[in-house]
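As structure tokens, the structure follows; a few thoughts come after it.
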Amino acid sequence: MTKPRIVFFGTPEFACTVLQALLDEGHQVVAAVSQPDKPVGRKHQIVSTPVHALAEENGIPVLQPEKLRAEADTILAYDPELVVTCAYGQIVPESILKYPRLGCVNIHPSLLPKYRGGAPIHHAILNGDDRTGVCLMEMVKKMDAGRVFACHEVEIGEDMTGEELDLKLKEESIRIIREELPRYIAGELEGIEQDEEKVVFAPNISREMEQVHFQDEDVNTAYNHIRALIDWPISYGVLEDRRFKFYKARKEIREHDHAPGTVLGFENGAMNIAAKGGIIKIYELQPEGKKRMSADQFANGAGRGLTGKVFE
RNA sequence: CGCGAGGUAGAGCAGCCUGGUAGCUCGUCGGGCCCAUAACCCGGAGGCCGGAGGUUCAAAUCCUCCCCUCGCAA
């Protein structure tokens with residue numbers, strides 16, 4: 001039996017894992033669609049999206065329309081029998097959704113209907129969940145709302161960072177492609193409608209959401225906040241009008257009398273910050289305008305003298 | 001010309017405004033103390049102060065240009 005002609009839609013690193021898995025499994029990927037390459041960084045250099053780069057390496061034609069709707073015909077010219085998407089970043093118009101004989105499926109890293117949207121991995125940790133997963137699902141007009149064909153659960157460790165969970169979910173995505181996609185293609189998977197009552201949205205992390213507010217967040221919330229955003233997009237605290245990014249942290253639950261946000265000092269390689277109901281211990285940070293460094297290095301230099309100051 | 005911070009010993013920083021023997025914490029090396037130590041005490045090594053010009057009797061410090069790093073914004 002010949003493999004169906006697949007057009008893949010995806011943009012970031014996570015989608016690359018899925019694309020690579022398709023290739024490793026011998027699927028016939030006839031084209032890749034990704035968001036347009038954009039200028040990035042201080043020098044405004046154009047950087048390829050990860051999917052663009054990977055597709056190019058494998059000699060797969062890449063399409064990067066600004067507006068997908070306008071280029072639908074170009075994509076359909078590749079005559080896909082199946083569309084696979086993962087973190088593409090644009091709404092896929094109906095003209096494409098209804099074209100492939102085998103339909104359009106999406107790989108989504110959450111336990112739908114929980115965490116529809118662009119940042120399901122981050123939100124799972126932000127909410128302190130102990131499990132999440134990866135779904136193979138039907139694409140419909142409404143974002144992440146289609147029937148779920150298969151779902152693999154993944155445990156979230158107590159101290160797991162967004163980076164670590166991302167890695168685990170990538171591995172599970174590979175299994176989904178390896179084990180579930182062939183069954184889908186063979187028509188063996190039923191598909192279960194999502195319970196609309198239980199929908200939870202996971203919007204992209206906005207600039208404002210990156211800041212940790214020690215005044216408003218208790219120790220658990222702050223800790224989940226910090227570890228969820230490691231190591232992208234990274235959370236930060238504000239102290240004396242300067243931003244400090246938090247790259248590595250732990251929490252300690254214990255009662256104390258210090259005002260939330262107070263820098264209690266440096267101890268055993270950590271900068272201790274008071275929070276409601278406990279202590280946030282920062283082991284690695286990046287002061288604004290400086291390079292990323294350990295709490296020890298920070299304590300040896302500019303960190304001294306910050307004891308007693310209070311994070312916003 | 002987007003805005004801003006910074007480049008001083010292996011690391012992190014102070015000194016610069018108000019020119020005049022380059023200092024602190026850590027690390028490192030040696031010694032001491034101790035049952036012992038990542039603790040403590042004593043001592044040493046390690047710097048063309050990012051680069052090039054300029055001002056000056058004298059420049060880490062003041063002026064000009066360049067290079068590099070980082071934060072914000074996009």
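Labels used: A, B, ... for chains in the order of the structure tokens, numbers from 1 for residues in each chain, and numbers from 1 for ligands as shown.
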Exercise for review: May I ask you to extract the residues of chain A within 6 Å of chain B, using only C-alpha atoms (C1' of nucleotides), and to give them as a count of residues only?
Suggested key: 8
Check your understanding: Which neighbours of A:Ile177 fall inside 12 Å, counting only C-alpha atoms (C1' of nucleotides), when residues of the same chain fewer than 2 positions from it are skipped, and could you give them as a ChimeraX atom specification?
Key -> /A:15,17-27,84-86,105-108,134-137,150-152,170-175,179-185
Review point. Using only C-alpha atoms (C1' of nucleotides), which residues sit within 9 Å of stretch 200-206 of chain A once same-chain residues fewer than 6 positions away are excluded, as a PyMOL selection string?
Key: chain A and resi 112-124+229+233
Print the selection's residues with C-alpha atoms to a file, as a CSV table (one decimal), in the first residue's frame.
chain,number,residue,atom,x,y,z
A,112,LEU,CA,-8.0,18.1,25.1
A,113,PRO,CA,-10.5,19.7,25.8
A,114,LYS,CA,-8.0,21.1,28.3
A,115,TYR,CA,-5.7,23.7,27.0
A,116,ARG,CA,-6.8,24.6,23.6
A,117,GLY,CA,-4.6,27.3,22.1
A,118,GLY,CA,-1.0,28.2,21.6
A,119,ALA,CA,0.6,27.5,24.9
A,120,PRO,CA,-0.8,24.3,26.3
A,121,ILE,CA,2.5,23.1,27.7
A,122,HIS,CA,3.2,26.2,29.7
A,123,HIS,CA,-0.4,26.4,31.0
A,124,ALA,CA,-0.3,22.8,32.3
A,229,LEU,CA,8.5,29.6,31.6
A,233,PRO,CA,10.1,32.7,27.3
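The two atoms in question, atom CA of A:Val238 and atom CA of A:Pro287, are spaced 9.8 Å apart.
One finds atom C1' of B:C1 at 16.6 Å from atom C1' of B:C66.
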Enumerate as a PDB file with N, CA, C and O atoms, in the first residue's frame all residues of stretch 61-205 of chain A assigned to alpha helix (DSSP H) by DSSP on the backbone, naming them with the chain letters and numbers the document uses.
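Just written: out11.pdb:
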ATOM      1  N   ALA A  72      -4.230  29.227  -0.649  1.00  0.00           N
ATOM      2  CA  ALA A  72      -4.787  27.884  -0.507  1.00  0.00           C
ATOM      3  C   ALA A  72      -4.621  27.065  -1.787  1.00  0.00           C
ATOM      4  O   ALA A  72      -4.240  25.892  -1.733  1.00  0.00           O
ATOM      5  N   ASP A  73      -4.848  27.685  -2.918  1.00  0.00           N
ATOM      6  CA  ASP A  73      -4.762  26.956  -4.190  1.00  0.00           C
ATOM      7  C   ASP A  73      -3.364  26.428  -4.453  1.00  0.00           C
ATOM      8  O   ASP A  73      -3.176  25.319  -4.943  1.00  0.00           O
ATOM      9  N   THR A  74      -2.375  27.242  -4.110  1.00  0.00           N
ATOM     10  CA  THR A  74      -0.983  26.828  -4.310  1.00  0.00           C
ATOM     11  C   THR A  74      -0.699  25.565  -3.516  1.00  0.00           C
ATOM     12  O   THR A  74       0.003  24.662  -3.976  1.00  0.00           O
ATOM     13  N   ILE A  75      -1.254  25.528  -2.313  1.00  0.00           N
ATOM     14  CA  ILE A  75      -1.019  24.377  -1.451  1.00  0.00           C
ATOM     15  C   ILE A  75      -1.774  23.155  -1.962  1.00  0.00           C
ATOM     16  O   ILE A  75      -1.244  22.046  -2.010  1.00  0.00           O
ATOM     17  N   LEU A  76      -2.996  23.384  -2.394  1.00  0.00           N
ATOM     18  CA  LEU A  76      -3.808  22.261  -2.878  1.00  0.00           C
ATOM     19  C   LEU A  76      -3.264  21.708  -4.194  1.00  0.00           C
ATOM     20  O   LEU A  76      -3.551  20.573  -4.567  1.00  0.00           O
ATOM     21  N   GLU A  94     -11.246  26.598   5.448  1.00  0.00           N
ATOM     22  CA  GLU A  94     -12.066  25.425   5.145  1.00  0.00           C
ATOM     23  C   GLU A  94     -11.753  24.811   3.795  1.00  0.00           C
ATOM     24  O   GLU A  94     -11.836  23.607   3.614  1.00  0.00           O
ATOM     25  N   SER A  95     -11.347  25.675   2.864  1.00  0.00           N
ATOM     26  CA  SER A  95     -11.052  25.157   1.526  1.00  0.00           C
ATOM     27  C   SER A  95      -9.950  24.103   1.599  1.00  0.00           C
ATOM     28  O   SER A  95      -9.936  23.142   0.838  1.00  0.00           O
ATOM     29  N   ILE A  96      -9.043  24.272   2.543  1.00  0.00           N
ATOM     30  CA  ILE A  96      -7.983  23.282   2.713  1.00  0.00           C
ATOM     31  C   ILE A  96      -8.479  22.123   3.575  1.00  0.00           C
ATOM     32  O   ILE A  96      -8.225  20.957   3.273  1.00  0.00           O
ATOM     33  N   LEU A  97      -9.217  22.456   4.631  1.00  0.00           N
ATOM     34  CA  LEU A  97      -9.685  21.423   5.561  1.00  0.00           C
ATOM     35  C   LEU A  97     -10.475  20.319   4.864  1.00  0.00           C
ATOM     36  O   LEU A  97     -10.375  19.150   5.220  1.00  0.00           O
ATOM     37  N   PRO A 120      -0.218  25.302  25.371  1.00  0.00           N
ATOM     38  CA  PRO A 120      -0.751  24.253  26.255  1.00  0.00           C
ATOM     39  C   PRO A 120       0.270  23.696  27.233  1.00  0.00           C
ATOM     40  O   PRO A 120      -0.080  23.328  28.356  1.00  0.00           O
ATOM     41  N   ILE A 121       1.515  23.663  26.841  1.00  0.00           N
ATOM     42  CA  ILE A 121       2.544  23.089  27.712  1.00  0.00           C
ATOM     43  C   ILE A 121       2.783  24.009  28.903  1.00  0.00           C
ATOM     44  O   ILE A 121       2.806  23.576  30.050  1.00  0.00           O
ATOM     45  N   HIS A 122       2.936  25.278  28.620  1.00  0.00           N
ATOM     46  CA  HIS A 122       3.152  26.247  29.693  1.00  0.00           C
ATOM     47  C   HIS A 122       1.991  26.260  30.685  1.00  0.00           C
ATOM     48  O   HIS A 122       2.190  26.285  31.887  1.00  0.00           O
ATOM     49  N   HIS A 123       0.787  26.245  30.152  1.00  0.00           N
ATOM     50  CA  HIS A 123      -0.373  26.351  31.036  1.00  0.00           C
ATOM     51  C   HIS A 123      -0.549  25.136  31.929  1.00  0.00           C
ATOM     52  O   HIS A 123      -1.046  25.257  33.053  1.00  0.00           O
ATOM     53  N   ALA A 124      -0.151  23.990  31.448  1.00  0.00           N
ATOM     54  CA  ALA A 124      -0.269  22.796  32.286  1.00  0.00           C
ATOM     55  C   ALA A 124       0.576  22.955  33.545  1.00  0.00           C
ATOM     56  O   ALA A 124       0.144  22.611  34.647  1.00  0.00           O
ATOM     57  N   ILE A 125       1.760  23.501  33.399  1.00  0.00           N
ATOM     58  CA  ILE A 125       2.625  23.699  34.572  1.00  0.00           C
ATOM     59  C   ILE A 125       2.165  24.899  35.383  1.00  0.00           C
ATOM     60  O   ILE A 125       2.143  24.864  36.612  1.00  0.00           O
ATOM     61  N   LEU A 126       1.774  25.960  34.695  1.00  0.00           N
ATOM     62  CA  LEU A 126       1.288  27.156  35.403  1.00  0.00           C
ATOM     63  C   LEU A 126       0.174  26.789  36.372  1.00  0.00           C
ATOM     64  O   LEU A 126       0.086  27.311  37.474  1.00  0.00           O
ATOM     65  N   GLY A 162       9.240  23.851  32.008  1.00  0.00           N
ATOM     66  CA  GLY A 162       8.595  23.857  30.704  1.00  0.00           C
ATOM     67  C   GLY A 162       9.475  23.170  29.673  1.00  0.00           C
ATOM     68  O   GLY A 162       8.997  22.419  28.824  1.00  0.00           O
ATOM     69  N   GLU A 163      10.760  23.401  29.779  1.00  0.00           N
ATOM     70  CA  GLU A 163      11.710  22.814  28.850  1.00  0.00           C
ATOM     71  C   GLU A 163      11.701  21.287  28.944  1.00  0.00           C
ATOM     72  O   GLU A 163      11.694  20.582  27.942  1.00  0.00           O
ATOM     73  N   GLU A 164      11.683  20.793  30.178  1.00  0.00           N
ATOM     74  CA  GLU A 164      11.694  19.343  30.376  1.00  0.00           C
ATOM     75  C   GLU A 164      10.394  18.701  29.916  1.00  0.00           C
ATOM     76  O   GLU A 164      10.392  17.621  29.315  1.00  0.00           O
ATOM     77  N   LEU A 165       9.293  19.380  30.207  1.00  0.00           N
ATOM     78  CA  LEU A 165       8.001  18.839  29.791  1.00  0.00           C
ATOM     79  C   LEU A 165       7.887  18.871  28.272  1.00  0.00           C
ATOM     80  O   LEU A 165       7.368  17.940  27.654  1.00  0.00           O
ATOM     81  N   ASP A 166       8.366  19.929  27.687  1.00  0.00           N
ATOM     82  CA  ASP A 166       8.366  20.076  26.236  1.00  0.00           C
ATOM     83  C   ASP A 166       9.077  18.875  25.600  1.00  0.00           C
ATOM     84  O   ASP A 166       8.593  18.272  24.640  1.00  0.00           O
ATOM     85  N   LEU A 167      10.214  18.517  26.190  1.00  0.00           N
ATOM     86  CA  LEU A 167      10.997  17.394  25.672  1.00  0.00           C
ATOM     87  C   LEU A 167      10.221  16.080  25.782  1.00  0.00           C
ATOM     88  O   LEU A 167      10.177  15.281  24.849  1.00  0.00           O
ATOM     89  N   LYS A 168       9.598  15.896  26.931  1.00  0.00           N
ATOM     90  CA  LYS A 168       8.827  14.666  27.160  1.00  0.00           C
ATOM     91  C   LYS A 168       7.652  14.564  26.181  1.00  0.00           C
ATOM     92  O   LYS A 168       7.356  13.489  25.668  1.00  0.00           O
ATOM     93  N   LEU A 169       7.026  15.699  25.948  1.00  0.00           N
ATOM     94  CA  LEU A 169       5.871  15.710  25.050  1.00  0.00           C
ATOM     95  C   LEU A 169       6.298  15.508  23.600  1.00  0.00           C
ATOM     96  O   LEU A 169       5.559  14.950  22.798  1.00  0.00           O
ATOM     97  N   LYS A 170       7.501  15.961  23.288  1.00  0.00           N
ATOM     98  CA  LYS A 170       8.023  15.705  21.944  1.00  0.00           C
ATOM     99  C   LYS A 170       8.177  14.207  21.741  1.00  0.00           C
ATOM    100  O   LYS A 170       7.818  13.660  20.700  1.00  0.00           O
ATOM    101  N   GLU A 171       8.731  13.548  22.761  1.00  0.00           N
ATOM    102  CA  GLU A 171       8.915  12.094  22.649  1.00  0.00           C
ATOM    103  C   GLU A 171       7.577  11.397  22.488  1.00  0.00           C
ATOM    104  O   GLU A 171       7.448  10.448  21.707  1.00  0.00           O
ATOM    105  N   GLU A 172       6.596  11.878  23.216  1.00  0.00           N
ATOM    106  CA  GLU A 172       5.275  11.263  23.116  1.00  0.00           C
ATOM    107  C   GLU A 172       4.658  11.537  21.754  1.00  0.00           C
ATOM    108  O   GLU A 172       3.939  10.691  21.209  1.00  0.00           O
ATOM    109  N   SER A 173       4.959  12.710  21.196  1.00  0.00           N
ATOM    110  CA  SER A 173       4.441  13.043  19.867  1.00  0.00           C
ATOM    111  C   SER A 173       4.982  12.078  18.825  1.00  0.00           C
ATOM    112  O   SER A 173       4.279  11.692  17.884  1.00  0.00           O
ATOM    113  N   ILE A 174       6.239  11.709  19.019  1.00  0.00           N
ATOM    114  CA  ILE A 174       6.841  10.757  18.091  1.00  0.00           C
ATOM    115  C   ILE A 174       6.081   9.429  18.163  1.00  0.00           C
ATOM    116  O   ILE A 174       5.789   8.809  17.140  1.00  0.00           O
ATOM    117  N   ARG A 175       5.744   9.027  19.387  1.00  0.00           N
ATOM    118  CA  ARG A 175       4.976   7.784  19.546  1.00  0.00           C
ATOM    119  C   ARG A 175       3.605   7.884  18.900  1.00  0.00           C
ATOM    120  O   ARG A 175       3.107   6.918  18.320  1.00  0.00           O
ATOM    121  N   LEU A 181      -0.885   7.321  14.082  1.00  0.00           N
ATOM    122  CA  LEU A 181      -1.163   7.840  12.744  1.00  0.00           C
ATOM    123  C   LEU A 181      -1.465   6.727  11.736  1.00  0.00           C
ATOM    124  O   LEU A 181      -2.417   6.846  10.961  1.00  0.00           O
ATOM    125  N   PRO A 182      -0.695   5.633  11.754  1.00  0.00           N
ATOM    126  CA  PRO A 182      -1.004   4.559  10.811  1.00  0.00           C
ATOM    127  C   PRO A 182      -2.408   3.992  11.025  1.00  0.00           C
ATOM    128  O   PRO A 182      -3.103   3.658  10.065  1.00  0.00           O
ATOM    129  N   ARG A 183      -2.807   3.908  12.285  1.00  0.00           N
ATOM    130  CA  ARG A 183      -4.153   3.407  12.581  1.00  0.00           C
ATOM    131  C   ARG A 183      -5.199   4.392  12.068  1.00  0.00           C
ATOM    132  O   ARG A 183      -6.254   3.997  11.572  1.00  0.00           O
ATOM    133  N   TYR A 184      -4.896   5.662  12.197  1.00  0.00           N
ATOM    134  CA  TYR A 184      -5.824   6.687  11.692  1.00  0.00           C
ATOM    135  C   TYR A 184      -5.970   6.543  10.182  1.00  0.00           C
ATOM    136  O   TYR A 184      -7.078   6.533   9.635  1.00  0.00           O
ATOM    137  N   ILE A 185      -4.815   6.415   9.528  1.00  0.00           N
ATOM    138  CA  ILE A 185      -4.836   6.311   8.068  1.00  0.00           C
ATOM    139  C   ILE A 185      -5.612   5.077   7.625  1.00  0.00           C
ATOM    140  O   ILE A 185      -6.328   5.087   6.629  1.00  0.00           O
TER     141      ILE A 185
END
Exercise for review: Just the strand (DSSP E or B) stuff from stretch 73-224 of chain A, please, per backbone DSSP, written as a ChimeraX atom specification.
Suggested key: /A:82-86,104-108,114-116,131-138,148-155,192,200-201,211,218
Point to revise | 12 Å contact set for A:Ser235, only C-alpha atoms (C1' of nucleotides), chain neighbours under 3 positions out, as number ranges by chain | key: A: 122, 126, 161-162, 205-213, 222-232, 238, 243-249, 282, 285-286
**Study point:** Contacts of A:Ile192 within 10 Å, only C-alpha atoms (C1' of nucleotides), excl. fewer than 2 positions in-chain, as a list in words
**Key:** Met137, Glu138, Gly146, Arg147, Val148, Phe149, Ala150, Leu189, Glu190, Gln194 and Asp195 of chain A
Output for the residues just chosen: all heavy atoms as a tab-separated table (two decimals), in the first residue's frame:
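That gives us part-v8.tsv:
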chain	number	residue	atom	x	y	z
A	137	MET	N	-5.72	14.72	16.73
A	137	MET	CA	-7.10	15.19	16.63
A	137	MET	C	-7.46	15.69	15.25
A	137	MET	O	-6.59	16.02	14.43
A	137	MET	CB	-7.30	16.31	17.63
A	137	MET	CG	-6.30	17.41	17.38
A	137	MET	SD	-6.66	18.95	18.19
A	137	MET	CE	-8.29	19.28	17.66
A	138	GLU	N	-8.74	15.76	15.03
A	138	GLU	CA	-9.27	16.25	13.77
A	138	GLU	C	-9.22	17.77	13.74
A	138	GLU	O	-9.52	18.42	14.74
A	138	GLU	CB	-10.74	15.80	13.66
A	138	GLU	CG	-11.48	16.38	12.49
A	138	GLU	CD	-13.00	16.20	12.66
A	138	GLU	OE1	-13.47	16.15	13.82
A	138	GLU	OE2	-13.68	16.09	11.64
A	146	GLY	N	-11.68	19.93	17.27
A	146	GLY	CA	-12.15	18.74	16.58
A	146	GLY	C	-12.17	17.48	17.42
A	146	GLY	O	-11.73	17.48	18.58
A	147	ARG	N	-12.66	16.41	16.83
A	147	ARG	CA	-12.71	15.12	17.52
A	147	ARG	C	-11.29	14.64	17.85
A	147	ARG	O	-10.36	14.88	17.09
A	147	ARG	CB	-13.40	14.07	16.64
A	147	ARG	CG	-14.91	14.23	16.57
A	147	ARG	CD	-15.50	13.23	15.62
A	147	ARG	NE	-15.00	13.44	14.25
A	147	ARG	CZ	-14.99	12.50	13.31
A	147	ARG	NH1	-15.42	11.27	13.58
A	147	ARG	NH2	-14.54	12.77	12.11
A	148	VAL	N	-11.17	13.94	18.96
A	148	VAL	CA	-9.88	13.41	19.38
A	148	VAL	C	-9.79	11.95	19.00
A	148	VAL	O	-10.63	11.15	19.38
A	148	VAL	CB	-9.69	13.57	20.91
A	148	VAL	CG1	-8.38	12.92	21.35
A	148	VAL	CG2	-9.72	15.05	21.29
A	149	PHE	N	-8.78	11.61	18.23
A	149	PHE	CA	-8.64	10.24	17.76
A	149	PHE	C	-7.80	9.39	18.70
A	149	PHE	O	-8.01	8.19	18.84
A	149	PHE	CB	-8.00	10.22	16.37
A	149	PHE	CG	-8.84	10.85	15.33
A	149	PHE	CD1	-8.47	12.05	14.73
A	149	PHE	CD2	-10.05	10.27	14.95
A	149	PHE	CE1	-9.27	12.65	13.78
A	149	PHE	CE2	-10.86	10.87	13.97
A	149	PHE	CZ	-10.47	12.07	13.40
A	150	ALA	N	-6.81	10.02	19.30
A	150	ALA	CA	-5.93	9.27	20.19
A	150	ALA	C	-5.28	10.25	21.15
A	150	ALA	O	-5.10	11.42	20.84
A	150	ALA	CB	-4.86	8.54	19.40
A	189	LEU	N	-9.48	4.46	13.79
A	189	LEU	CA	-9.74	5.30	14.95
A	189	LEU	C	-11.08	6.02	14.83
A	189	LEU	O	-11.38	6.64	13.82
A	189	LEU	CB	-8.61	6.31	15.14
A	189	LEU	CG	-7.23	5.68	15.38
A	189	LEU	CD1	-6.16	6.76	15.49
A	189	LEU	CD2	-7.24	4.83	16.65
A	190	GLU	N	-11.83	5.92	15.90
A	190	GLU	CA	-13.18	6.46	15.92
A	190	GLU	C	-13.22	7.98	16.01
A	190	GLU	O	-13.85	8.65	15.21
A	190	GLU	CB	-13.96	5.88	17.10
A	190	GLU	CG	-14.45	4.45	16.84
A	190	GLU	CD	-15.46	4.40	15.72
A	190	GLU	OE1	-16.34	5.29	15.68
A	190	GLU	OE2	-15.38	3.50	14.87
A	194	GLN	N	-15.11	16.42	21.74
A	194	GLN	CA	-14.67	17.02	23.00
A	194	GLN	C	-15.88	17.51	23.80
A	194	GLN	O	-16.85	17.98	23.22
A	194	GLN	CB	-13.74	18.22	22.72
A	194	GLN	CG	-12.42	17.84	22.10
A	194	GLN	CD	-11.53	19.04	21.89
A	194	GLN	OE1	-11.52	19.97	22.68
A	194	GLN	NE2	-10.77	19.03	20.79
A	195	ASP	N	-15.76	17.38	25.11
A	195	ASP	CA	-16.82	17.88	26.00
A	195	ASP	C	-16.66	19.39	26.14
A	195	ASP	O	-15.75	19.88	26.78
A	195	ASP	CB	-16.67	17.21	27.37
A	195	ASP	CG	-17.79	17.61	28.31
A	195	ASP	OD1	-18.51	18.58	28.00
A	195	ASP	OD2	-17.94	16.96	29.36
**Study point:** Residue neighbourhood A:Phe214, 9 Å, only C-alpha atoms (C1' of nucleotides), exclusion window fewer than 3 positions, as a PyMOL selection string
**Key:** chain A and resi 217-219+222+237+260-262+273-276+311-312
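Each of A:Ala87, A:Ala259, A:Cys104, A:Leu82 was checked against A:Gln35 using only C-alpha atoms; the smallest atom-to-atom distance is that of A:Ala87.
For the pair atom CA of A:Gly10 and atom CA of A:Gln64, the separation is 10.2 Å.
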Review point. So which residues touch B:A22 within 12 Å, counting only C-alpha atoms (C1' of nucleotides), skipping near sequence neighbours fewer than 5 positions away, as a ChimeraX atom specification?
Key: /B:8-9,14-15,47,49,60-61
